[in-house]
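> Pasting in a structure now, in structure tokens, and then I'll have a few things to ask.
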Amino acid sequence: MPLITVDNISMNFGTRQILDGVSFRVEEGDRIAFVGDNGAGKSTLFKIISGKYEPSSGNIIFHGNTMAGFLSQNMDEQDLTSSSLKPRKMQELEADIVAMESEIANADDPDRNDLMASYADLIAEYEAMGGYDYEHRLHDALGGLGLTGINDRTDLMTLSGGEKMRVCLARLIVEHPDVILLDEPTNHLDFEAIEWLEGFLKSYGGAVFVITHDRHFIDSVANRVIELDNGRITMYKGNYSAYKEQKAERLKTLESEIANLEAQYEHQLEVKQTMLSHRNISGYHQREKMVDKLEAILEAKREKRPSEFAKMNFKAVPVERTGKSDRLILKCENVSKQFDDSDAPLFEDVSFELNADNKIFFCGPNGCGKTTLLHMLTGDAVGNSGTIYLSSGLKCGVMGQFVPFEDESRTLYDELIADTDLTVTDARSLLARFGFRGEAVFKTIDMLSGGERSRLYLCKLLEENPDLLILDEPTNHLDINSREILEDALSYYDGAIVCVSHDRFFIDKCADRILGFKNGHAAVYDKYDYYLSDYKKKEAAVQTAKPAEEKEKTEKTPHSSANVNPAKARKELARKRDRLRELEKLIGTLEDRQSELQDCFIKGAGEEEYNEYGNNAQLLKDYYDEFFELGEEIEEQQ
């Protein structure tokens, strides 16, 4: 069943056409990954669907009462001015309900029927928005995304960019629209939060339409992939791996068709020229028409090739280095770090070694100390204990999450030749391999996007051929094609790499070993999956140990366990479980009755029905509160 139809949408920004006759449907149960180069127009299409932009032509059709929820990657577009995490509409409804209850209490009998009818409508709308269990569901979503204690914040505008994004994502999830539009939702999420989001979206009752460069995420969640290239779309069935196979096969077929057409075109050109030399003017004109027709078909086929807009295209040339490839160039020995205002160390006793051709990746949840340790390796931070050994004469290249340039007014070309001996031809050729072609090389650095800055910086860095590359989230801001080509380049790079990354595809392709962080400690693993498996086992052990620790503390408290009767505790737990089952039945019966009363309101109901509906609504709220409270008590007691 279709939920949204995108009908022949085109969009122009000045003379540039971003979208060119884009048409497709979002169906019930769809999990669509929307992919394409940075700047291709993916976010623009999302903003058209959500009503923020008007297209140059075409229509967006919402079928039935379809509701779409949109999460932009730009946090400036999100409303976080309120001190409450509830949607503004829900807050307004709550205020209206309280005001209406006051009016009903003070109204004369003749006016009460009309007021009760309005009150019933407000309650029904509030119930439809999930108002009665909203806070509980939001708490679960925030916890899954790695946020706790946010409900106690009074000024949400002071949250960090990553926290704002997760709060807005949690609110959208809880509002449960028919179609969720997510623009780069995995930005600022660590692997635990990403895994939670993957699980949620796979089981989501509505449709999911997501822009992302996270290939592992697409593999896990998507059942369709739509690729936007040069203003047009191509649709594929399945996840990322299936998309790559289908695209490769499609391009193979397309190149074969182009090669055949080119051969025919060249042959007909020769025949046309022969006709002319033999003075066969009639035959010449016939061949001329055939050549023109073939040329048009050939051009149309060539236009179906993927564009080369803003893609990197390079391979690092191996440089002959002195010394053995297995020589030790870096060693961390029992390194610890604790900030002055912290009660516990960020990490402690971290040790690893790095040989001249090794590539080690730092992995772990946000805030575990990966980037701090990276800064310690570069000398930008110091530890509290331990030793870092670096090989003498080691030439390092460093790329942080923000890449600085000394003079932002320089052009890309000037920046490249300022520190190299490249000729004009070599410099322009090198820039072209990093996606900067034609007049783009004369753009100034201050005009570059985040991804373009990263590509230019990498261009300069790899040209220097350092012995050791130190990289902090290098795939941030890069689209999928650029990420894949970067992976190839780093695979060919014959020096050592220390890298922080959350990109699981990137890690699997480039890492020789993983330094995995967990609860203030770190260990070396051969593969990311081994680290992830160990992390989950340790996390499960911690969760299992918590009740035992709490029990031990209780037993040491004179007035607690000494006086606890185990039989009485079991009896109390059984009573709570019986009450939970009873509440489930009561809630189900009341919700059915509320539906019957709503039908009565359409046909015409009296004061008695309106009073019953209002009383039931309050009773439902009380039941829900007791239900969730009992559930938490039972979980703690088990």
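Following the order of the structure tokens, first chain is A, next is B, and so on, with residues numbered from 1 inside each chain and ligands from 1 in the order they appear.
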Output as a PyMOL selection string all residues of stretch 117-278 of chain A that backbone DSSP marks as helix (DSSP H, G or I).

chain A and resi 117-128+131-144+150-152+156-158+161-175+191-202+215-221+240-277

> Where does DSSP see strand (DSSP E or B) in stretch 304-476 of chain A, if you list the residues as a PyMOL selection string?

chain A and resi 328-337+347-355+359-363+385-390+396-399+411+444+468-472

> Quick check, in Å to one decimal: how far apart do atom CA of A:His176 and atom CA of A:Asp622 lie?

22.9 Å

> Can you tell me, as a list of chain:residue names, what residues are no more than 10 Å from A:Phe209 when counting only C-alpha atoms, ignoring any on the same chain fewer than 4 positions away?

A:Val26, A:Asp30, A:Arg31, A:Ile32, A:Ala33, A:Phe34, A:Phe46, A:Phe70, A:Val179, A:Ile180, A:Leu181, A:Leu182, A:Asp183, A:Ala222, A:Arg224, A:Val225, A:Ile226

> Quick one: residues within 7 Å of A:Met90, only C-alpha atoms, excluding same-chain residues fewer than 3 positions away - as number ranges by chain?

A: 86-87, 93-94, 126, 131

> Give me a file of those residues, with N, CA, C and O atoms, as a compact mmCIF listing (two decimals), in the first residue's frame.


# COMPACT_ATOMS: atom_id res chain seq x y z
N LYS A 86 8.49 16.99 25.41
CA LYS A 86 7.24 16.66 24.71
C LYS A 86 7.06 17.59 23.52
O LYS A 86 7.47 18.75 23.56
N PRO A 87 6.42 17.10 22.44
CA PRO A 87 6.14 17.97 21.30
C PRO A 87 5.28 19.16 21.73
O PRO A 87 4.46 19.05 22.66
N LEU A 93 -2.05 20.62 24.07
CA LEU A 93 -3.24 19.80 24.36
C LEU A 93 -3.40 19.60 25.87
O LEU A 93 -4.52 19.67 26.39
N GLU A 94 -2.28 19.35 26.56
CA GLU A 94 -2.35 19.16 28.01
C GLU A 94 -2.88 20.42 28.69
O GLU A 94 -3.72 20.34 29.61
N TYR A 126 -5.41 13.65 22.31
CA TYR A 126 -4.25 13.44 23.18
C TYR A 126 -3.89 11.96 23.26
O TYR A 126 -2.72 11.58 23.19
N GLY A 131 -0.19 10.34 24.35
CA GLY A 131 0.18 11.21 25.46
C GLY A 131 0.32 10.51 26.79
O GLY A 131 1.16 10.91 27.61

> Excluding same-chain residues fewer than 5 positions from A:Ile233, what lies within 9 Å of it counting only C-alpha atoms, as a ChimeraX atom specification?

/A:19-24,226-228

> Which residues come within 12 Å of A:Ile360, counting only C-alpha atoms, excluding same-chain residues fewer than 2 positions away, as an mmCIF file with N, CA, C and O atoms, in the first residue's frame?


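Saved result, out33.cif, follows:
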data_model
loop_
_atom_site.group_PDB
_atom_site.id
_atom_site.type_symbol
_atom_site.label_atom_id
_atom_site.label_comp_id
_atom_site.auth_asym_id
_atom_site.auth_seq_id
_atom_site.Cartn_x
_atom_site.Cartn_y
_atom_site.Cartn_z
ATOM 1 N N LEU A 330 56.268 2.515 17.089
ATOM 2 C CA LEU A 330 55.499 3.180 18.164
ATOM 3 C C LEU A 330 55.134 2.152 19.211
ATOM 4 O O LEU A 330 54.773 1.010 18.894
ATOM 5 N N PHE A 352 49.995 -1.030 23.706
ATOM 6 C CA PHE A 352 49.990 -1.669 22.383
ATOM 7 C C PHE A 352 51.272 -1.299 21.657
ATOM 8 O O PHE A 352 51.975 -0.359 22.030
ATOM 9 N N GLU A 353 51.576 -2.056 20.598
ATOM 10 C CA GLU A 353 52.742 -1.792 19.775
ATOM 11 C C GLU A 353 52.318 -1.645 18.318
ATOM 12 O O GLU A 353 51.306 -2.212 17.897
ATOM 13 N N LEU A 354 53.122 -0.882 17.551
ATOM 14 C CA LEU A 354 52.807 -0.661 16.138
ATOM 15 C C LEU A 354 54.074 -0.816 15.307
ATOM 16 O O LEU A 354 55.071 -0.125 15.541
ATOM 17 N N ASN A 355 54.027 -1.733 14.340
ATOM 18 C CA ASN A 355 55.137 -1.921 13.412
ATOM 19 C C ASN A 355 54.982 -1.005 12.201
ATOM 20 O O ASN A 355 53.926 -0.399 11.993
ATOM 21 N N ALA A 356 56.017 -0.945 11.367
ATOM 22 C CA ALA A 356 56.085 0.040 10.285
ATOM 23 C C ALA A 356 55.027 -0.148 9.215
ATOM 24 O O ALA A 356 54.736 0.790 8.458
ATOM 25 N N ASP A 357 54.427 -1.336 9.105
ATOM 26 C CA ASP A 357 53.401 -1.557 8.084
ATOM 27 C C ASP A 357 52.056 -1.955 8.697
ATOM 28 O O ASP A 357 51.182 -2.488 8.026
ATOM 29 N N ASN A 358 51.886 -1.695 9.991
ATOM 30 C CA ASN A 358 50.639 -2.047 10.682
ATOM 31 C C ASN A 358 49.605 -0.924 10.598
ATOM 32 O O ASN A 358 49.964 0.254 10.536
ATOM 33 N N PHE A 362 41.401 2.553 16.684
ATOM 34 C CA PHE A 362 40.850 2.711 18.026
ATOM 35 C C PHE A 362 39.322 2.686 17.915
ATOM 36 O O PHE A 362 38.731 3.497 17.182
ATOM 37 N N CYS A 363 38.683 1.782 18.654
ATOM 38 C CA CYS A 363 37.225 1.641 18.593
ATOM 39 C C CYS A 363 36.645 1.619 20.005
ATOM 40 O O CYS A 363 37.282 1.143 20.941
ATOM 41 N N LEU A 374 44.717 9.520 20.971
ATOM 42 C CA LEU A 374 45.293 9.955 19.696
ATOM 43 C C LEU A 374 46.071 11.261 19.880
ATOM 44 O O LEU A 374 47.182 11.427 19.368
ATOM 45 N N LEU A 468 53.988 7.413 9.196
ATOM 46 C CA LEU A 468 52.835 7.096 10.050
ATOM 47 C C LEU A 468 51.722 8.093 9.800
ATOM 48 O O LEU A 468 51.939 9.304 9.851
ATOM 49 N N LEU A 469 50.527 7.576 9.504
ATOM 50 C CA LEU A 469 49.338 8.415 9.379
ATOM 51 C C LEU A 469 48.525 8.294 10.665
ATOM 52 O O LEU A 469 48.217 7.179 11.109
ATOM 53 N N ILE A 470 48.173 9.426 11.250
ATOM 54 C CA ILE A 470 47.312 9.454 12.435
ATOM 55 C C ILE A 470 46.017 10.150 12.036
ATOM 56 O O ILE A 470 46.009 11.337 11.700
ATOM 57 N N LEU A 471 44.898 9.401 12.030
ATOM 58 C CA LEU A 471 43.631 9.876 11.478
ATOM 59 C C LEU A 471 42.524 9.800 12.514
ATOM 60 O O LEU A 471 42.363 8.772 13.179
ATOM 61 N N GLY A 495 52.715 2.598 4.618
ATOM 62 C CA GLY A 495 53.176 3.021 5.931
ATOM 63 C C GLY A 495 52.251 2.518 7.021
ATOM 64 O O GLY A 495 51.347 1.715 6.785
ATOM 65 N N ALA A 496 52.477 3.000 8.236
ATOM 66 C CA ALA A 496 51.640 2.612 9.376
ATOM 67 C C ALA A 496 50.492 3.598 9.552
ATOM 68 O O ALA A 496 50.592 4.760 9.161
ATOM 69 N N ILE A 497 49.389 3.126 10.133
ATOM 70 C CA ILE A 497 48.209 3.969 10.367
ATOM 71 C C ILE A 497 47.699 3.741 11.782
ATOM 72 O O ILE A 497 47.586 2.602 12.238
ATOM 73 N N VAL A 498 47.422 4.840 12.484
ATOM 74 C CA VAL A 498 46.649 4.803 13.728
ATOM 75 C C VAL A 498 45.401 5.636 13.454
ATOM 76 O O VAL A 498 45.494 6.801 13.060
ATOM 77 N N CYS A 499 44.233 5.039 13.649
ATOM 78 C CA CYS A 499 42.991 5.706 13.223
ATOM 79 C C CYS A 499 41.871 5.488 14.220
ATOM 80 O O CYS A 499 41.701 4.384 14.746
ATOM 81 N N VAL A 500 41.107 6.550 14.486
ATOM 82 C CA VAL A 500 39.858 6.450 15.241
ATOM 83 C C VAL A 500 38.716 6.445 14.232
ATOM 84 O O VAL A 500 38.669 7.295 13.338
ATOM 85 N N SER A 501 37.786 5.491 14.359
ATOM 86 C CA SER A 501 36.665 5.448 13.415
ATOM 87 C C SER A 501 35.495 4.673 14.008
ATOM 88 O O SER A 501 35.682 3.753 14.809
ATOM 89 N N ILE A 507 36.561 0.110 8.848
ATOM 90 C CA ILE A 507 37.398 -0.625 9.803
ATOM 91 C C ILE A 507 37.726 -2.018 9.273
ATOM 92 O O ILE A 507 38.877 -2.457 9.263
ATOM 93 N N ASP A 508 36.688 -2.729 8.819
ATOM 94 C CA ASP A 508 36.892 -4.104 8.345
ATOM 95 C C ASP A 508 37.842 -4.162 7.151
ATOM 96 O O ASP A 508 38.602 -5.118 7.002
ATOM 97 N N LYS A 509 37.800 -3.149 6.300
ATOM 98 C CA LYS A 509 38.612 -3.177 5.080
ATOM 99 C C LYS A 509 40.056 -2.763 5.329
ATOM 100 O O LYS A 509 40.975 -3.283 4.687
ATOM 101 N N CYS A 510 40.285 -1.846 6.252
ATOM 102 C CA CYS A 510 41.621 -1.244 6.392
ATOM 103 C C CYS A 510 42.390 -1.667 7.636
ATOM 104 O O CYS A 510 43.619 -1.567 7.659
ATOM 105 N N ALA A 511 41.711 -2.095 8.679
ATOM 106 C CA ALA A 511 42.403 -2.348 9.952
ATOM 107 C C ALA A 511 43.079 -3.719 9.980
ATOM 108 O O ALA A 511 42.489 -4.717 9.565
ATOM 109 N N ASP A 512 44.318 -3.747 10.476
ATOM 110 C CA ASP A 512 44.988 -5.017 10.771
ATOM 111 C C ASP A 512 44.633 -5.494 12.175
ATOM 112 O O ASP A 512 44.499 -6.685 12.428
ATOM 113 N N ARG A 513 44.502 -4.509 13.082
ATOM 114 C CA ARG A 513 44.170 -4.830 14.472
ATOM 115 C C ARG A 513 43.264 -3.732 15.039
ATOM 116 O O ARG A 513 43.189 -2.627 14.501
ATOM 117 N N ILE A 514 42.591 -4.078 16.128
ATOM 118 C CA ILE A 514 41.683 -3.152 16.811
ATOM 119 C C ILE A 514 42.175 -2.935 18.239
ATOM 120 O O ILE A 514 42.486 -3.907 18.945
ATOM 121 N N LEU A 515 42.268 -1.677 18.656
ATOM 122 C CA LEU A 515 42.444 -1.371 20.071
ATOM 123 C C LEU A 515 41.053 -1.000 20.586
ATOM 124 O O LEU A 515 40.546 0.093 20.324
ATOM 125 N N GLY A 516 40.411 -1.947 21.275
ATOM 126 C CA GLY A 516 39.024 -1.772 21.693
ATOM 127 C C GLY A 516 38.916 -1.321 23.137
ATOM 128 O O GLY A 516 39.525 -1.914 24.035
ATOM 129 N N ALA A 523 42.036 -3.285 25.033
ATOM 130 C CA ALA A 523 42.770 -4.493 24.662
ATOM 131 C C ALA A 523 42.880 -4.560 23.147
ATOM 132 O O ALA A 523 42.083 -3.936 22.429
ATOM 133 N N VAL A 524 43.860 -5.316 22.657
ATOM 134 C CA VAL A 524 44.091 -5.440 21.217
ATOM 135 C C VAL A 524 43.385 -6.689 20.698
ATOM 136 O O VAL A 524 43.474 -7.761 21.298
ATOM 137 N N TYR A 525 42.683 -6.537 19.570
ATOM 138 C CA TYR A 525 41.951 -7.640 18.929
ATOM 139 C C TYR A 525 42.359 -7.731 17.461
ATOM 140 O O TYR A 525 42.725 -6.727 16.847
ATOM 141 N N ASP A 526 42.261 -8.940 16.911
ATOM 142 C CA ASP A 526 42.611 -9.127 15.498
ATOM 143 C C ASP A 526 41.534 -8.586 14.560
ATOM 144 O O ASP A 526 41.835 -8.150 13.452
ATOM 145 N N LYS A 527 40.263 -8.630 15.007
ATOM 146 C CA LYS A 527 39.154 -8.168 14.165
ATOM 147 C C LYS A 527 38.147 -7.387 14.994
ATOM 148 O O LYS A 527 38.022 -7.599 16.207
ATOM 149 N N TYR A 528 37.409 -6.522 14.314
ATOM 150 C CA TYR A 528 36.390 -5.717 14.993
ATOM 151 C C TYR A 528 35.308 -6.616 15.594
ATOM 152 O O TYR A 528 34.821 -6.362 16.698
#
